[in-house]
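Take a look at the structure below.
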Amino acid sequence: PQKIFTDPDGYQKIKAPALNVDEGDRIKATFVTLARNSDLWSLAESIRAVEDRFNNKFHYDWVFLNDDEFSEEFKRVTTSLCSGTTKYGFIEKDQWGFPSWIDTEKAAKVRQEMKEKKIIYGDSISYRHMCRYESGFFFRHKLMEDYEWYWRVEPSIKIYCDINYDIFKFMRDNNKVYGFTISLPEYKETIPTLWETTREFTKEHPEYLPENNMLDFISDDNGNTYNGCHFWSNFEVGSLSFWRSDAYLKYFEHLDKAGGFFYERWGDAPVHSIAAALFLPRDKIHFFGDLGYYHVPFHNCPADKDIRDQNRCLCNPKDDFTWKGYSCVGKYFSVNKLKRPSGWEDLTD
Ligand code: GDP
Ligand code: MN
C-alpha cells in the first residue's frame, strides 16, 4: 500500500512501498550532495535518476550541503523528489576559506599561472574550496554524524540501470569500504607535489599501510612515482568511518598543511583514491560494473549484455569508457587478478 509520510519539515509525500526492507536491519546510510542553489535543476535530474533506479525501493535519506543558505525553492523541489528524509546543511567559513597558514598572494599567483596554461578550474578559488571540503570535511558535518555509509551524488549524472539490491547492505555484508564506477589518470599539472607530500606522510606513518594494500594500482614503480590513476569521486559509495579514521584524518591534515589545495589544485578524487589504495586492504575496494553511470564526459555501461537486459540499462555499450585505453579500470582488474565481465573485449579501442 502507498503510505502518506510527513517529513520533519512538514512536507507530506506519498511513498511507494519499500522493497524487502527489514526495518530491524536498517543501515545508517545517506546520499550526500554538495551543491549551489544554481545547481538545482541539473541536480534534480540526478535525484530523479537515483530515485527511479534505486531509492524509491529503499527510501534512504539525502543530505544537501552548501557554503551558502539553500533557497526555499531548492529545499521544496529536492524534498519533493526524494523518497527519504531530506536534510540541509550549511558549511561554516572555517571549512570553506583560506586556512590561516596559506599565503594568499602566492595562491593568487598560482591561479594566474594556471589560467595562462588553460588548466581546467586552474583559476578558480571556489573549486579549490570545494575540493578541500570534499577531501577533508564532508564526513564531519554535523548532519553526517547520524550515518555510517554514504553515496555521493553530483548534478547532471545519470544512472543507466535498475539497481535491485541494497547497495549499502552489499557494501557492509561484503566487507567493502569504498566503491567506484569510473577511474582514469589525473591531470599531472594539478598535482605536481601530491605524491612527494604523500610519501613524506607514509614514511612517517608506515603503520597505516596494510601489507595487502593497492599500491600497485596507483604506482607502476613500487611507489617511486604516482601514475595518476584515481577513482572519479563524483560517484562514491563508501564507509564514513574510513574518512574518520586516524590514518585518513592525519593524512588529510598533512596534505592540508602542505598547502597543495591552494598552491596547486589538488582534487578530492586523487586524495581519496591515494588514501583508499594505501590505507585499505585491496579487497575492500569495489568496482560497481552493474549500475551504469555517466558524468560528463565518461560513460560506464555494463559490458555483459545479460546484466544490461536484466537491469533495463539505458546505455549504448559502444559509448562505454571502462575498457578503453585511457581508463584505469583495466589496471584495477589486472593488479587484483579479477575476472573481467563477459563482453569487455568488444568495448576496447
Ligand atoms: P566537476 O565535476 O569537477 O566539473 O565539478 P562540479 O562543478 O560538478 O563540482 C563538484 C561538486 O561540488 C558538485 O556537486 C557541485 O554542485 C559542487 N560545487 C562546486 N562548486 C561549488 C560551490 O562553490 N559551492 C557549493 N555549495 N557547491 C559547489
Ligand atoms: Mn561534476
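Chains: A, B, ... in order of the C-alpha cells. Residues: from 1 per chain. Ligands: from 1, in order shown.
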Exercise for the section: Would you list the residues that come within 7 Å of ligand 1? Count only C-alpha atoms and all ligand atoms and give the answer as a PyMOL selection string. Expected result: chain A and resi 33-36+39+65-68+126-127+130+153-155+234
Practice task
Any chance you could list, as a PyMOL selection string, the residues in range 189-276 of chain A that come up helix (DSSP H, G or I) when DSSP is run on the backbone?
Solution key: chain A and resi 189-190+194-204+206-208+215-218+240-243+246-258+260-263+268-276
Practice task
Find the residues near Gly330 in chain A: any atom within 12 Å, counting only C-alpha atoms, skip ones fewer than 6 places away on the same chain, and give them as number ranges by chain.
Solution key: A: 182-184, 217, 229, 287, 321-324, 336-341, 344-345, 347-348
Write out the residues from the selection above, keeping C-alpha atoms, as a PDB file, in the first residue's frame.
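File part.pdb, as written:
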ATOM      1  CA  ILE A 182      34.916   5.223 -13.282  1.00  0.00           C
ATOM      2  CA  SER A 183      38.692   5.513 -12.977  1.00  0.00           C
ATOM      3  CA  LEU A 184      41.253   7.425 -15.048  1.00  0.00           C
ATOM      4  CA  PHE A 217      47.191   0.339  -8.768  1.00  0.00           C
ATOM      5  CA  CYS A 229      45.077   6.598 -11.555  1.00  0.00           C
ATOM      6  CA  PHE A 287      34.178  -1.619  -8.760  1.00  0.00           C
ATOM      7  CA  PHE A 321      34.733   4.145 -21.223  1.00  0.00           C
ATOM      8  CA  THR A 322      35.562   1.379 -18.731  1.00  0.00           C
ATOM      9  CA  TRP A 323      37.608  -0.833 -21.078  1.00  0.00           C
ATOM     10  CA  LYS A 324      39.156   1.910 -23.219  1.00  0.00           C
ATOM     11  CA  ASN A 336      43.709  -7.525  -8.304  1.00  0.00           C
ATOM     12  CA  LYS A 337      43.626 -10.596 -10.586  1.00  0.00           C
ATOM     13  CA  LEU A 338      39.888 -10.204 -11.149  1.00  0.00           C
ATOM     14  CA  LYS A 339      37.957 -11.843 -13.958  1.00  0.00           C
ATOM     15  CA  ARG A 340      36.704  -9.296 -16.475  1.00  0.00           C
ATOM     16  CA  PRO A 341      33.000  -9.327 -17.370  1.00  0.00           C
ATOM     17  CA  TRP A 344      34.604  -6.484 -22.329  1.00  0.00           C
ATOM     18  CA  GLU A 345      36.828  -7.224 -25.358  1.00  0.00           C
ATOM     19  CA  LEU A 347      34.418  -2.399 -25.819  1.00  0.00           C
ATOM     20  CA  THR A 348      38.147  -1.697 -26.117  1.00  0.00           C
TER      21      THR A 348
END
Problem - Contacts of range 45-47 of chain A at 6 Å (only C-alpha atoms; same-chain gap of 4+ positions) as a PyMOL selection string - result: chain A and resi 51+155-157
Problem - Proximity to ligand 2 - best of A:Pro302, A:Lys331, A:Ser219, A:Asp268, only C-alpha atoms and all ligand atoms - result: A:Asp268
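Interatomic distance, CA of Asn213 in chain A against CA of Phe279 in chain A: 6.6 Å.
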